[in-house]
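So this one's protein-v4.tsv, TSV, C-alpha atoms and all ligand atoms:
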```tsv
chain	number	residue	atom	x	y	z
A	1	MET	CA	11.27	7.74	-27.21
A	2	ALA	CA	9.02	5.62	-24.98
A	3	ARG	CA	7.02	7.32	-22.23
A	4	ILE	CA	8.45	6.82	-18.75
A	5	HIS	CA	5.84	5.75	-16.22
A	6	LEU	CA	5.80	6.21	-12.44
A	7	SER	CA	6.06	2.56	-11.49
A	8	PRO	CA	5.38	0.13	-14.34
A	9	PRO	CA	5.55	-3.67	-13.96
A	10	ASP	CA	9.12	-5.00	-13.82
A	11	MET	CA	8.98	-8.43	-15.50
A	12	SER	CA	11.72	-10.87	-16.54
A	13	GLU	CA	12.24	-14.34	-17.95
A	14	THR	CA	11.64	-15.71	-14.44
A	15	GLU	CA	8.01	-14.49	-14.36
A	16	ARG	CA	7.52	-15.47	-18.00
A	17	ASP	CA	8.72	-19.05	-17.43
A	18	LEU	CA	6.50	-19.50	-14.37
A	19	LEU	CA	3.51	-18.00	-16.18
A	20	LEU	CA	3.95	-20.28	-19.20
A	21	GLY	CA	4.50	-23.25	-16.90
A	22	ALA	CA	1.11	-22.64	-15.28
A	23	PHE	CA	-0.49	-22.05	-18.68
A	24	ASP	CA	0.96	-25.20	-20.25
A	25	ALA	CA	-0.21	-27.28	-17.28
A	26	ASN	CA	-3.68	-25.72	-17.71
A	27	TRP	CA	-3.47	-24.30	-14.18
A	28	VAL	CA	-5.07	-21.09	-15.43
A	29	ALA	CA	-7.75	-21.20	-12.78
A	30	PRO	CA	-9.01	-21.39	-10.18
A	31	VAL	CA	-6.78	-22.51	-7.29
A	32	GLY	CA	-3.69	-24.56	-8.09
A	33	PRO	CA	-0.11	-25.35	-7.12
A	34	ASP	CA	1.23	-21.88	-7.95
A	35	LEU	CA	-1.31	-20.24	-5.65
A	36	THR	CA	-0.26	-22.37	-2.69
A	37	ALA	CA	3.43	-21.94	-3.50
A	38	PHE	CA	3.01	-18.18	-3.94
A	39	GLU	CA	1.45	-17.88	-0.49
A	40	GLN	CA	4.20	-19.96	1.12
A	41	GLU	CA	7.05	-18.23	-0.69
A	42	PHE	CA	5.64	-14.76	-0.03
A	43	ALA	CA	5.08	-15.52	3.66
A	44	ALA	CA	8.65	-16.83	4.00
A	45	ALA	CA	10.11	-13.78	2.24
A	46	ALA	CA	8.05	-11.39	4.37
A	47	GLY	CA	8.75	-13.27	7.61
A	48	ILE	CA	5.03	-13.79	8.31
A	49	GLN	CA	3.40	-17.09	9.26
A	50	HIS	CA	0.17	-17.12	7.23
A	51	ALA	CA	-0.67	-15.57	3.86
A	52	VAL	CA	-3.84	-15.67	1.74
A	53	ALA	CA	-3.62	-14.53	-1.89
A	54	LEU	CA	-6.53	-12.32	-2.97
A	55	SER	CA	-7.82	-10.50	-6.03
A	56	SER	CA	-6.73	-7.08	-4.71
A	57	GLY	CA	-5.44	-5.18	-1.72
A	58	THR	CA	-8.85	-3.55	-1.39
A	59	ALA	CA	-10.44	-7.00	-1.06
A	60	GLY	CA	-7.88	-7.75	1.66
A	61	LEU	CA	-8.79	-4.62	3.61
A	62	HIS	CA	-12.50	-5.43	3.30
A	63	LEU	CA	-12.01	-8.96	4.64
A	64	ALA	CA	-9.60	-7.83	7.37
A	65	LEU	CA	-12.25	-5.44	8.70
A	66	LEU	CA	-14.92	-8.15	8.60
A	67	VAL	CA	-12.73	-10.77	10.25
A	68	LYS	CA	-11.69	-8.37	13.02
A	69	GLY	CA	-15.38	-7.91	13.77
A	70	VAL	CA	-15.96	-4.35	12.56
A	71	GLN	CA	-19.70	-3.68	12.64
A	72	PRO	CA	-21.98	-1.22	10.81
A	73	GLY	CA	-22.01	2.02	12.80
A	74	ASP	CA	-18.52	1.48	14.29
A	75	VAL	CA	-15.85	4.15	14.00
A	76	VAL	CA	-12.65	3.16	12.18
A	77	ILE	CA	-9.62	5.41	12.67
A	78	LEU	CA	-7.22	5.79	9.75
A	79	PRO	CA	-4.86	8.31	8.18
A	80	SER	CA	-6.23	10.98	5.88
A	81	PHE	CA	-3.03	10.87	3.85
A	82	THR	CA	-3.57	7.63	1.91
A	83	PHE	CA	-5.15	6.27	-1.26
A	84	ALA	CA	-8.97	6.12	-1.30
A	85	ALA	CA	-9.02	2.29	-1.14
A	86	THR	CA	-8.17	2.37	2.59
A	87	ALA	CA	-11.22	4.52	3.36
A	88	ASN	CA	-13.48	2.81	0.82
A	89	ALA	CA	-13.06	-0.51	2.62
A	90	VAL	CA	-14.34	1.13	5.81
A	91	ALA	CA	-17.48	2.22	3.93
A	92	TYR	CA	-17.98	-1.33	2.55
A	93	VAL	CA	-18.57	-2.65	6.08
A	94	GLY	CA	-20.91	0.22	6.99
A	95	ALA	CA	-18.47	1.76	9.47
A	96	GLU	CA	-17.61	5.46	9.76
A	97	ALA	CA	-14.10	6.61	8.86
A	98	TRP	CA	-12.49	9.11	11.25
A	99	PHE	CA	-9.37	10.58	9.71
A	100	VAL	CA	-6.14	11.47	11.47
A	101	ASP	CA	-3.21	13.57	10.26
A	102	SER	CA	0.35	12.37	9.65
A	103	GLU	CA	3.65	13.07	11.40
A	104	PRO	CA	5.87	15.55	9.54
A	105	HIS	CA	9.01	13.40	9.86
A	106	SER	CA	7.49	10.33	8.16
A	107	TRP	CA	4.13	11.33	6.60
A	108	ASN	CA	2.65	8.35	8.45
A	109	LEU	CA	-0.19	8.22	10.97
A	110	ASP	CA	0.48	10.43	14.02
A	111	PRO	CA	0.24	8.19	17.15
A	112	SER	CA	-0.75	11.09	19.44
A	113	LEU	CA	-3.68	11.97	17.18
A	114	VAL	CA	-4.75	8.30	17.07
A	115	ASP	CA	-4.83	8.45	20.87
A	116	GLU	CA	-6.89	11.66	20.70
A	117	ALA	CA	-9.35	10.11	18.23
A	118	LEU	CA	-9.74	6.98	20.41
A	119	ALA	CA	-10.45	9.18	23.45
A	120	ALA	CA	-12.92	11.30	21.47
A	121	ALA	CA	-14.78	8.18	20.35
A	122	ALA	CA	-14.92	6.86	23.93
A	123	ALA	CA	-16.18	10.24	25.18
A	124	ALA	CA	-18.88	10.22	22.50
A	125	GLY	CA	-19.91	6.68	23.43
A	126	ARG	CA	-18.88	5.35	20.02
A	127	ARG	CA	-17.45	1.85	19.52
A	128	VAL	CA	-14.17	1.84	17.58
A	129	GLY	CA	-13.99	-1.25	15.36
A	130	ALA	CA	-10.38	-0.90	14.23
A	131	VAL	CA	-7.44	1.38	13.65
A	132	ILE	CA	-5.98	1.07	10.15
A	133	THR	CA	-2.35	2.10	9.80
A	134	VAL	CA	-0.93	2.79	6.34
A	135	ASP	CA	2.73	2.23	5.41
A	136	LEU	CA	2.71	5.19	3.07
A	137	TYR	CA	4.85	5.20	-0.05
A	138	GLY	CA	6.57	2.06	1.22
A	139	GLN	CA	7.62	3.32	4.67
A	140	CYS	CA	6.25	1.52	7.73
A	141	ALA	CA	4.27	3.55	10.24
A	142	ASP	CA	5.41	3.78	13.88
A	143	HIS	CA	3.22	0.93	15.11
A	144	ALA	CA	4.34	0.46	18.75
A	145	PRO	CA	2.61	3.56	20.23
A	146	ILE	CA	-0.43	3.08	17.98
A	147	ARG	CA	-0.80	-0.55	19.07
A	148	ALA	CA	-0.40	0.45	22.71
A	149	SER	CA	-3.20	3.08	22.44
A	150	ALA	CA	-5.43	0.70	20.49
A	151	ALA	CA	-4.83	-2.09	23.02
A	152	ARG	CA	-5.85	0.21	25.92
A	153	HIS	CA	-9.21	0.59	24.16
A	154	GLY	CA	-9.41	-3.10	23.11
A	155	VAL	CA	-9.24	-2.15	19.43
A	156	PRO	CA	-7.49	-4.27	16.74
A	157	VAL	CA	-4.93	-2.79	14.35
A	158	ILE	CA	-5.04	-3.53	10.62
A	159	GLU	CA	-1.86	-2.68	8.72
A	160	ASP	CA	-2.46	-1.42	5.19
A	161	ALA	CA	0.92	-2.42	3.77
A	162	ALA	CA	-0.40	-2.15	0.19
A	163	GLU	CA	2.53	0.05	-0.84
A	164	ALA	CA	5.17	-1.48	1.43
A	165	VAL	CA	6.15	-4.94	0.18
A	166	GLY	CA	9.70	-5.65	1.32
A	167	ALA	CA	9.89	-2.72	3.77
A	168	SER	CA	10.69	-3.17	7.47
A	169	TRP	CA	10.62	-1.29	10.78
A	170	GLU	CA	13.21	-1.93	13.50
A	171	GLY	CA	13.81	-5.33	11.90
A	172	ALA	CA	10.15	-6.42	11.64
A	173	GLY	CA	8.70	-6.85	8.16
A	174	ALA	CA	5.89	-4.72	6.76
A	175	GLY	CA	2.60	-6.58	7.17
A	176	SER	CA	3.66	-8.11	10.50
A	177	LEU	CA	3.14	-4.94	12.53
A	178	GLY	CA	-0.65	-5.15	13.03
A	179	ASP	CA	-3.11	-7.95	13.80
A	180	VAL	CA	-3.68	-8.39	10.06
A	181	GLY	CA	-1.54	-7.01	7.22
A	182	VAL	CA	-2.64	-6.36	3.65
A	183	PHE	CA	-0.47	-6.02	0.54
A	184	SER	CA	-1.38	-4.92	-2.98
A	185	PHE	CA	0.02	-6.34	-6.22
A	186	ASN	CA	-1.76	-3.76	-8.36
A	187	GLY	CA	-0.03	-2.96	-11.65
A	188	ASN	CA	1.55	0.21	-10.25
A	189	LYS	CA	3.08	-1.42	-7.15
A	190	LEU	CA	6.72	-2.37	-6.67
A	191	MET	CA	5.76	-6.03	-6.95
A	192	THR	CA	2.79	-6.87	-9.17
A	193	THR	CA	0.68	-9.73	-10.48
A	194	GLY	CA	-1.20	-7.37	-12.80
A	195	GLY	CA	-3.81	-7.12	-10.07
A	196	GLY	CA	-3.90	-8.91	-6.75
A	197	GLY	CA	-3.29	-8.72	-3.06
A	198	MET	CA	-2.27	-10.71	0.01
A	199	ALA	CA	-3.66	-10.77	3.53
A	200	VAL	CA	-1.17	-11.90	6.17
A	201	SER	CA	-1.36	-12.67	9.87
A	202	ALA	CA	0.50	-14.45	12.63
A	203	ASP	CA	-2.89	-15.79	13.75
A	204	PRO	CA	-3.87	-18.99	11.86
A	205	GLU	CA	-7.56	-18.46	12.65
A	206	VAL	CA	-7.56	-14.99	11.10
A	207	ALA	CA	-5.92	-16.37	7.94
A	208	ALA	CA	-8.36	-19.30	7.79
A	209	ARG	CA	-11.37	-16.94	8.17
A	210	ILE	CA	-10.06	-14.69	5.38
A	211	ARG	CA	-9.46	-17.69	3.13
A	212	HIS	CA	-12.99	-18.96	3.83
A	213	LEU	CA	-14.71	-15.62	3.17
A	214	SER	CA	-12.65	-15.04	0.00
A	215	THR	CA	-13.98	-18.26	-1.56
A	216	GLN	CA	-17.72	-17.54	-1.25
A	217	ALA	CA	-17.72	-18.88	2.33
A	218	ARG	CA	-18.19	-22.36	0.95
A	219	GLU	CA	-18.28	-25.03	3.66
A	220	PRO	CA	-15.82	-27.92	3.22
A	221	VAL	CA	-18.42	-30.50	2.20
A	222	LEU	CA	-19.11	-32.23	-1.13
A	223	HIS	CA	-22.18	-30.21	-2.07
A	224	TYR	CA	-22.43	-26.41	-2.05
A	225	GLU	CA	-23.15	-25.42	1.56
A	226	HIS	CA	-23.06	-21.86	2.91
A	227	THR	CA	-23.76	-20.63	6.43
A	228	GLU	CA	-22.73	-16.98	5.87
A	229	ILE	CA	-22.24	-14.43	3.11
A	230	GLY	CA	-18.94	-14.85	1.25
A	231	PHE	CA	-16.99	-13.07	-1.47
A	232	ASN	CA	-15.27	-13.99	-4.71
A	233	TYR	CA	-11.92	-12.48	-3.72
A	234	ARG	CA	-9.39	-15.27	-4.41
A	235	LEU	CA	-6.38	-14.72	-6.69
A	236	SER	CA	-6.20	-16.94	-9.77
A	237	ASN	CA	-3.45	-19.54	-10.14
A	238	ILE	CA	-2.13	-17.97	-13.35
A	239	LEU	CA	-1.54	-14.61	-11.64
A	240	ALA	CA	0.02	-16.35	-8.65
A	241	ALA	CA	2.59	-17.83	-11.04
A	242	ILE	CA	3.71	-14.28	-11.94
A	243	GLY	CA	3.79	-13.43	-8.23
A	244	ARG	CA	6.18	-16.31	-7.53
A	245	GLY	CA	8.64	-14.83	-10.00
A	246	GLN	CA	8.27	-11.39	-8.44
A	247	VAL	CA	9.00	-12.77	-4.95
A	248	ARG	CA	12.24	-14.28	-6.26
A	249	ARG	CA	13.27	-10.96	-7.78
A	250	LEU	CA	12.14	-8.76	-4.89
A	251	PRO	CA	15.63	-8.22	-3.39
A	252	THR	CA	16.92	-7.01	-6.79
A	253	MET	CA	13.94	-4.72	-7.29
A	254	LEU	CA	14.36	-3.26	-3.78
A	255	ALA	CA	18.04	-2.58	-4.39
A	256	ARG	CA	17.15	-0.74	-7.60
A	257	THR	CA	14.45	1.50	-6.07
A	258	ALA	CA	16.89	2.47	-3.28
A	259	GLU	CA	19.48	3.35	-5.93
A	260	ILE	CA	16.90	5.43	-7.83
A	261	ARG	CA	16.09	7.40	-4.68
A	262	ALA	CA	19.80	7.99	-3.95
A	263	THR	CA	20.38	9.25	-7.50
A	264	TYR	CA	17.45	11.70	-7.28
A	265	GLU	CA	18.77	12.96	-3.95
A	266	ALA	CA	22.27	13.42	-5.34
A	267	GLU	CA	21.15	15.12	-8.56
A	268	LEU	CA	18.24	17.25	-7.37
A	269	GLY	CA	18.75	17.56	-3.60
A	270	GLY	CA	21.03	20.61	-3.82
A	271	LEU	CA	18.56	22.73	-5.80
A	272	PRO	CA	16.79	25.60	-4.02
A	273	GLY	CA	13.71	24.56	-2.06
A	274	VAL	CA	14.02	20.88	-3.01
A	275	THR	CA	13.65	18.13	-0.39
A	276	PHE	CA	12.20	14.61	-0.51
A	277	ASN	CA	9.51	12.56	1.20
A	278	PRO	CA	10.81	12.24	4.79
A	279	ILE	CA	12.30	8.98	5.99
A	280	ASP	CA	12.44	7.90	9.63
A	281	ASP	CA	15.72	6.05	10.09
A	282	ARG	CA	14.14	3.44	12.38
A	283	GLY	CA	12.73	1.78	9.28
A	284	THR	CA	13.94	0.52	5.91
A	285	PRO	CA	11.44	1.64	3.27
A	286	ASN	CA	11.01	-0.06	-0.09
A	287	HIS	CA	11.22	3.34	-1.87
A	288	TRP	CA	8.16	2.47	-3.97
A	289	LEU	CA	7.98	6.10	-5.09
A	290	THR	CA	10.45	8.92	-4.58
A	291	ILE	CA	8.60	12.18	-3.99
A	292	VAL	CA	10.20	15.55	-4.43
A	293	VAL	CA	8.88	18.23	-2.05
A	294	LEU	CA	8.98	21.83	-3.25
A	295	GLY	CA	9.46	24.53	-0.61
A	296	ASP	CA	8.48	28.19	-0.96
A	297	ASP	CA	11.92	29.01	-2.39
A	298	ALA	CA	11.76	26.33	-5.13
A	299	ARG	CA	12.09	27.70	-8.67
A	300	CYS	CA	8.74	26.31	-9.81
A	301	ARG	CA	5.42	25.04	-8.50
A	302	PRO	CA	4.46	21.34	-8.46
A	303	GLU	CA	2.17	21.64	-11.49
A	304	GLN	CA	5.00	23.28	-13.48
A	305	LEU	CA	7.35	20.44	-12.58
A	306	ILE	CA	4.74	17.88	-13.65
A	307	ALA	CA	4.28	19.75	-16.96
A	308	ALA	CA	8.07	19.90	-17.53
A	309	LEU	CA	8.36	16.14	-17.03
A	310	ASP	CA	5.35	15.54	-19.25
A	311	ALA	CA	7.06	17.53	-22.01
A	312	ALA	CA	9.98	15.07	-21.69
A	313	ASP	CA	7.43	12.22	-21.93
A	314	ALA	CA	7.81	11.25	-18.29
A	315	GLU	CA	4.91	10.72	-15.88
A	316	ALA	CA	4.82	12.63	-12.58
A	317	ARG	CA	1.88	13.01	-10.21
A	318	PRO	CA	0.90	15.01	-7.13
A	319	ALA	CA	1.14	13.19	-3.81
A	320	TRP	CA	-2.12	11.55	-2.59
A	321	LYS	CA	-4.91	14.05	-2.07
A	322	PRO	CA	-5.89	13.64	1.61
A	323	MET	CA	-9.19	11.92	2.33
A	324	HIS	CA	-10.54	14.85	4.38
A	325	ARG	CA	-10.23	16.96	1.19
A	326	GLN	CA	-12.15	14.43	-0.93
A	327	PRO	CA	-15.75	15.45	-1.63
A	328	VAL	CA	-16.93	11.91	-0.83
A	329	PHE	CA	-15.45	12.06	2.71
A	330	ALA	CA	-15.86	15.80	3.38
A	331	ALA	CA	-18.39	15.31	6.20
A	332	HIS	CA	-16.14	12.92	8.16
A	333	ARG	CA	-14.27	13.81	11.35
A	334	MET	CA	-10.65	14.88	10.96
A	335	PHE	CA	-8.01	15.25	13.67
A	336	GLY	CA	-5.37	17.80	12.60
A	337	GLY	CA	-4.69	18.05	8.87
A	338	ALA	CA	-1.87	20.53	8.23
A	339	VAL	CA	0.79	17.88	7.53
A	340	ALA	CA	-1.27	15.99	4.93
A	341	ASP	CA	-2.43	19.25	3.32
A	342	ASP	CA	1.14	20.48	3.04
A	343	ALA	CA	2.47	17.20	1.60
A	344	PHE	CA	-0.32	17.24	-1.00
A	345	ALA	CA	0.35	20.88	-1.89
A	346	ARG	CA	4.12	20.42	-2.31
A	347	GLY	CA	4.79	16.78	-3.23
A	348	VAL	CA	5.44	15.46	-6.74
A	349	CYS	CA	5.92	11.70	-7.28
A	350	LEU	CA	8.78	11.00	-9.68
A	351	PRO	CA	9.22	7.94	-11.92
A	352	SER	CA	10.65	5.37	-9.51
A	353	GLY	CA	9.92	1.89	-10.90
A	354	SER	CA	12.63	-0.72	-10.45
A	355	SER	CA	12.82	-1.14	-14.25
A	356	LEU	CA	13.74	2.54	-14.75
A	357	THR	CA	17.02	2.55	-16.69
A	358	GLU	CA	19.91	4.93	-16.00
A	359	SER	CA	19.29	6.80	-19.26
A	360	GLU	CA	15.58	7.13	-18.46
A	361	GLN	CA	16.40	8.53	-15.03
A	362	ASP	CA	18.89	10.92	-16.66
A	363	ARG	CA	16.04	12.16	-18.87
A	364	VAL	CA	13.79	12.73	-15.84
A	365	ILE	CA	16.58	14.51	-13.95
A	366	ALA	CA	17.41	16.76	-16.92
A	367	ALA	CA	13.76	17.77	-17.28
A	368	ALA	CA	13.43	18.35	-13.52
A	369	ARG	CA	16.62	20.42	-13.41
A	370	GLY	CA	15.32	22.49	-16.31
A	371	ALA	CA	12.35	23.48	-14.17
A	372	LEU	CA	14.03	23.63	-10.76
A	373	ALA	CA	17.59	24.89	-11.31
B	401	LIG	C1	-2.46	2.61	0.59
B	401	LIG	C2	-3.22	1.72	-0.35
B	401	LIG	N1	-4.19	0.95	0.16
B	401	LIG	C3	-4.90	0.11	-0.61
B	401	LIG	C4	-4.65	0.00	-1.96
B	401	LIG	C5	-5.53	-0.91	-2.75
B	401	LIG	O1	-4.86	-1.96	-3.37
B	401	LIG	P1	-5.49	-2.61	-4.70
B	401	LIG	O2	-5.31	-1.63	-5.81
B	401	LIG	O3	-4.68	-3.86	-4.90
B	401	LIG	O4	-6.91	-2.90	-4.43
B	401	LIG	C6	-3.64	0.79	-2.54
B	401	LIG	C7	-3.27	0.74	-3.97
B	401	LIG	O5	-3.91	0.59	-4.91
B	401	LIG	C8	-2.92	1.68	-1.71
B	401	LIG	O6	-1.97	2.47	-2.23
```
Structure rendered as structure tokens:
Amino acid sequence: MARIHLSPPDMSETERDLLLGAFDANWVAPVGPDLTAFEQEFAAAAGIQHAVALSSGTAGLHLALLVKGVQPGDVVILPSFTFAATANAVAYVGAEAWFVDSEPHSWNLDPSLVDEALAAAAAAGRRVGAVITVDLYGQCADHAPIRASAARHGVPVIEDAAEAVGASWEGAGAGSLGDVGVFSFNGNKLMTTGGGGMAVSADPEVAARIRHLSTQAREPVLHYEHTEIGFNYRLSNILAAIGRGQVRRLPTMLARTAEIRATYEAELGGLPGVTFNPIDDRGTPNHWLTIVVLGDDARCRPEQLIAALDAADAEARPAWKPMHRQPVFAAHRMFGGAVADDAFARGVCLPSGSSLTESEQDRVIAAARGALA
């Protein structure tokens, strides 16, 4: 009986053929035709004009902050309820992360608290370098009011769409909702290249700046000429070949994760105290992970559910631990916090990868029912 993971890579002959094609042509590295094609095909699928393939989503966030002019000593406003990479990127540029709570009906950044944080920064005479939104667990944040507040203060919005490939909000694709969008193709994401990321923007200059900085800021001359500090953040051609296959299969993978969520809801939703990560019906999430939320009347606690699944050789994890509860960010400002705290205390991520078979999901459901029924 093989262990069931949360969201393992979902690979097929398509990815394998493209990977071997790149290998056989010796386009292992560095840049090559698959890299260019991956960027174009990804941008077309996501409905975004410009895309730059990078070594990780974290690299994308770092470059997005630099390109949008975030300076050491600036404040950057972002949700507490996210993965540490969002906040780490803020530290890389020497800015100070101010955390904001989520909305209960979506678990995404609360626009009214963003407004409050922007006003507090203005009152304190602090420059705000950027607001980073996060499309948590594959559901887009409510960007319109956040963008409006940020625009009033002249602040750019960076969309951390690391978890949200293929999601949309009122018809607009994830990644297109801020001034710059960033995706992750980490091994645990819905779409993966083993490791990788993509920065996207409607602004050609932003994309060109990110591309330049990601390739050691090398000037386009014959010899090696540099006028600023660059980074080695470009994706390799061989990994881009895998990404091209994943883009082709994205619609199928999205259909499967939606089906997985629906099956969990049907099989576990009627049990006492059991609900799921909230979905705002203005958006179409990618259902990267389905998270079960255990109320006070649930038959077991989150750690007992995780142990029950582990006994059935299935991985389950708590929801993200909020950044304002992380020792490394404990001294940072936080606006609100009850929603993120509650989601962390009650949420358990269930195996949700698009390669999860029906019999594997049956095994997860049986183990979960054993603990919750
Ligand atoms: C919300 C969020 N932001 C950023 C990242 C960083 O992406 P990467 O692992 O590709 O650096 C991740 C995932 O790892 C994430 O979940």
Dump as a Markdown table the rows for residues of chain A within 6 Å of ligand LIG 401 (chain B): closest atom pair and distance in Å with one decimal, all atoms listed in the file counted, ordered by chain and rising residue number.
```
| residue | atom | partner | partner_atom | distance |
| --- | --- | --- | --- | --- |
| A:Ser56 | CA | B:LIG401 | O3 | 3.8 |
| A:Gly57 | CA | B:LIG401 | O3 | 3.5 |
| A:Thr58 | CA | B:LIG401 | O4 | 3.7 |
| A:Thr82 | CA | B:LIG401 | C1 | 5.3 |
| A:Phe83 | CA | B:LIG401 | C1 | 4.9 |
| A:Ala85 | CA | B:LIG401 | C3 | 4.7 |
| A:Thr86 | CA | B:LIG401 | N1 | 4.9 |
| A:Val134 | CA | B:LIG401 | C1 | 6.0 |
| A:Asp160 | CA | B:LIG401 | N1 | 5.8 |
| A:Ala162 | CA | B:LIG401 | C2 | 4.8 |
| A:Glu163 | CA | B:LIG401 | O6 | 5.3 |
| A:Ser184 | CA | B:LIG401 | O3 | 4.0 |
| A:Phe185 | CA | B:LIG401 | O3 | 5.5 |
| A:Asn186 | CA | B:LIG401 | O3 | 4.5 |
| A:Gly196 | CA | B:LIG401 | O3 | 5.4 |
| A:Gly197 | CA | B:LIG401 | O3 | 5.4 |
```
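The closest residue to A:Gly337, picked from A:Gly245, A:Gly69, A:Pro104, A:Gly60 and counting all atoms listed in the file, is A:Pro104.
Atom CA of A:Ser102 to atom CA of A:Val293 spans 15.6 Å [interatomic distance, one decimal].
Of note, atom CA of A:Val100 and atom CA of A:Val182 are spaced 19.8 Å apart.
In this comparison, which uses only C-alpha atoms, the residue of A:Leu113, A:Leu268, A:Met334, A:Ile238 approaching A:Gly194 most closely is A:Ile238.
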Quiz item: Taking into account only C-alpha atoms, which residue in the set A:Val364, A:Ala59, A:Leu78, A:Leu6 is nearest to A:Met323?
Solution: A:Leu78
Using only C-alpha atoms, find each residue of stretch 195-310 of chain A with at least one atom at most 12 Å away from an atom of stretch 32-40 of chain A; report its shortest atom-to-atom pair and that distance in Å (one decimal), sort the rows by chain and rising residue number, and return the result as a tab-separated table.
```
residue	atom	partner	partner_atom	distance
A:Gly196	CA	A:Leu35	CA	11.7
A:Gly197	CA	A:Glu39	CA	10.6
A:Met198	CA	A:Glu39	CA	8.1
A:Ala199	CA	A:Glu39	CA	9.6
A:Val200	CA	A:Glu39	CA	9.3
A:Ser201	CA	A:Glu39	CA	11.9
A:Ala207	CA	A:Glu39	CA	11.3
A:Arg211	CA	A:Glu39	CA	11.5
A:Arg234	CA	A:Leu35	CA	9.6
A:Leu235	CA	A:Leu35	CA	7.6
A:Ser236	CA	A:Leu35	CA	7.2
A:Asn237	CA	A:Leu35	CA	5.0
A:Ile238	CA	A:Asp34	CA	7.5
A:Leu239	CA	A:Leu35	CA	8.2
A:Ala240	CA	A:Leu35	CA	5.1
A:Ala241	CA	A:Asp34	CA	5.3
A:Ile242	CA	A:Phe38	CA	8.9
A:Gly243	CA	A:Phe38	CA	6.4
A:Arg244	CA	A:Phe38	CA	5.1
A:Gly245	CA	A:Phe38	CA	8.9
A:Gln246	CA	A:Phe38	CA	9.7
A:Val247	CA	A:Phe38	CA	8.1
A:Arg248	CA	A:Phe38	CA	10.3
```
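Using only C-alpha atoms for every distance, the candidate list A:Pro272, A:Pro278, A:Pro111, A:Pro285 yields A:Pro272 as the residue closest to A:Ala371.
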Practice problem: Tell me, as a list of chain:residue names, which residues lie within 6 Å of A:Ala164, counting all atoms listed in the file; anything in the same chain fewer than 3 positions away does not count. | Solution: A:Asp135, A:Gly138, A:Ala161, A:Ala167
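Here the question is which of A:Leu118, A:Ala266, A:Leu289, A:Ala202 gets nearest to A:Phe335 using all atoms listed in the file, and that residue is A:Leu118.
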Exercise. Take the point (-4.2, 21.6, 3.7) in the file's coordinates, draw a sphere of radius 12 Å around it, and report as a list in words every protein, DNA or RNA residue with an atom inside or on it, counting all atoms listed in the file.
Key: Ser80, Phe81, Asp101, Ser102, Lys321, Pro322, Met323, His324, Arg325, Gln326, Met334, Gly336, Gly337, Ala338, Val339, Ala340, Asp341, Asp342, Ala343, Phe344, Ala345 and Arg346 of chain A
Excluding same-chain residues fewer than 4 positions from A:Val131, what lies within 9 Å of it counting only C-alpha atoms, as a short mmCIF file (atom, residue, chain, number, x, y, z; two decimals) with C-alpha atoms, in the frame of the given file?
```
data_model
loop_
_atom_site.label_atom_id
_atom_site.label_comp_id
_atom_site.auth_asym_id
_atom_site.auth_seq_id
_atom_site.Cartn_x
_atom_site.Cartn_y
_atom_site.Cartn_z
CA VAL A 75 -15.85 4.15 14.00
CA VAL A 76 -12.65 3.16 12.18
CA ILE A 77 -9.62 5.41 12.67
CA LEU A 78 -7.22 5.79 9.75
CA VAL A 114 -4.75 8.30 17.07
CA ILE A 146 -0.43 3.08 17.98
CA ARG A 147 -0.80 -0.55 19.07
CA ALA A 150 -5.43 0.70 20.49
CA VAL A 155 -9.24 -2.15 19.43
CA PRO A 156 -7.49 -4.27 16.74
CA VAL A 157 -4.93 -2.79 14.35
CA ILE A 158 -5.04 -3.53 10.62
CA GLU A 159 -1.86 -2.68 8.72
#
```
